[in-house]
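The structure appears below as structure tokens.
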Amino acid sequence: AKHKLNLIPPFYLIGSVQGPYEKKLLHHLLDKYNVLERPVSNESDPIQISFGITLMQIIDVDEKNQLLITNMWLKMDWNDYNLRWNTSEFGGVKDLRIPPTRIWKPDVLMYNSADEEFDSTYQTNVVVRNNGSCSYLPPGIFKSTCKIDITWFPFDDQKCELKFGSWTYDGFQLDLTLQSEEGGDISNFNTNGEWDLLGMATVTACTRLPLKCVFCSQWEPNIG
């Protein structure tokens, strides 16, 4: 007999009263905003980007094609001095949700991506607060290259690097720092039936000239 599974998604309808202040604020911030401008008050200073990874699931380890497929959420935080406002002038509005195409955002990509579109993240809104702080949390299904050694198959351990960095900025323009020395958040990790996650380590390779700042998060899945 087949098992039956009923999925009941929880939908919540929350009422809200919108005033004219949010619209006024968006016009105030974005009418003359230039998405190409790196948002620093002094062009000689790098913009500080705090970067983090939440690993949700190891979907597949493809030994034949040397690929690792994961479900992850990225997290990037920075401060945009062009997106600050006095809440008392805009009806107490403290934060906004703005599409990433409307404001500057860091061009952080996975360097060893094997995805057909290269960047596989879903472009979520950026949460912008009145002090200029910006939080961007794009989720995605990541397909990355991984050198897999099957010498000891099926009792093998594998190490896969996930390399993230700015695609065009060097360290003088964009300073990328990790949010956690542990390499990422696995508190919501969903276990895989074939692979166990032994842990992860983070290797930081940063230089000012001329290379970019690249983080290598090493995931070590182990057959269970």
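Note on naming: chains are A, B, ... as they come in the structure tokens, residues start from 1 per chain, ligands start from 1 in the order shown.
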
Once you count only C-alpha atoms, what closest atom pair and distance in Å to one decimal does each residue of range 134-172 of chain A within 6 Å of range 108-123 of chain A have, with rows by chain and rising residue number, as a Markdown table?
```
| residue | atom | partner | partner_atom | distance |
| --- | --- | --- | --- | --- |
| A:Pro138 | CA | A:Tyr122 | CA | 5.5 |
| A:Pro139 | CA | A:Thr121 | CA | 5.5 |
| A:Gly140 | CA | A:Thr121 | CA | 4.2 |
| A:Lys143 | CA | A:Asp115 | CA | 5.3 |
| A:Ser144 | CA | A:Ser113 | CA | 4.5 |
| A:Thr145 | CA | A:Asn112 | CA | 5.8 |
| A:Lys163 | CA | A:Tyr111 | CA | 5.3 |
| A:Phe164 | CA | A:Met110 | CA | 4.4 |
| A:Gly165 | CA | A:Val108 | CA | 5.0 |
| A:Ser166 | CA | A:Val108 | CA | 4.2 |
```

inquiry  = Using Å and a single decimal, report how far CA of Lys105 in chain A sits from CA of Cys134 in chain A.
reply    = 9.0 Å

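Proximity to Glu22 in chain A was assessed for A:Pro39, A:Gly92, A:Pro106, A:Gly52 counting only C-alpha atoms; the smallest distance is recorded for A:Gly92.
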
ask   = So which one's closest to Lys64 in chain A, A:His28, A:Met200, A:Thr168, A:Ile148? Using only C-alpha atoms, please.
value = A:Ile148

task = Based on DSSP run over this structure's backbone, return all residues of range 49-165 of chain A in strand (DSSP E or B), as a PyMOL selection string.
result = chain A and resi 49-62+67-84+95-98+108-110+113+121+126-129+131-136+139-145+157+160-165

note = Between CA of Leu26 in chain A and CA of Arg97 in chain A lies a distance of 10.0 Å

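In this structure, CA of Val128 in chain A sits 5.4 Å away from CA of Asp95 in chain A.
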
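Counting only C-alpha atoms and comparing A:Leu55, A:Asn131, A:Asp45, A:Leu67, the residue that lies closest to Arg84 in chain A is A:Asn131.
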
message = Residues within 10 Å of Pro99 in chain A, please, as a list in words. Count only C-alpha atoms; anything in the same chain fewer than 5 positions from it doesn't count.
response = Gln123, Thr124, Asn125, Val126, Val127 and Tyr136 of chain A

remark   = Nearest to Leu36 in chain A, restricted to only C-alpha atoms and choosing among A:Asp77, A:Asp196, A:Asp107, A:Glu89, comes out as A:Asp107

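Residue nearest Leu96 in chain A within the list A:Gly193, A:Gly171, A:Gly132, A:Gly199: A:Gly132 [criterion: smallest interatomic distance, only C-alpha atoms].
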
message = Residues within 7 Å of Phe142 in chain A, please, as number ranges by chain. Count only C-alpha atoms; anything in the same chain fewer than 4 positions from it doesn't count.
response = A: 69-71, 120

query = Neighbours of Ser50 in chain A within 10 Å (only C-alpha atoms; same-chain residues fewer than 5 positions away dropped), as number ranges by chain?
reply = A: 75-79, 135, 175-180

query = Can you list every residue in range 9-126 of chain A that DSSP puts in alpha helix (DSSP H), as a VMD selection string?
reply = chain A and resid 21 to 30
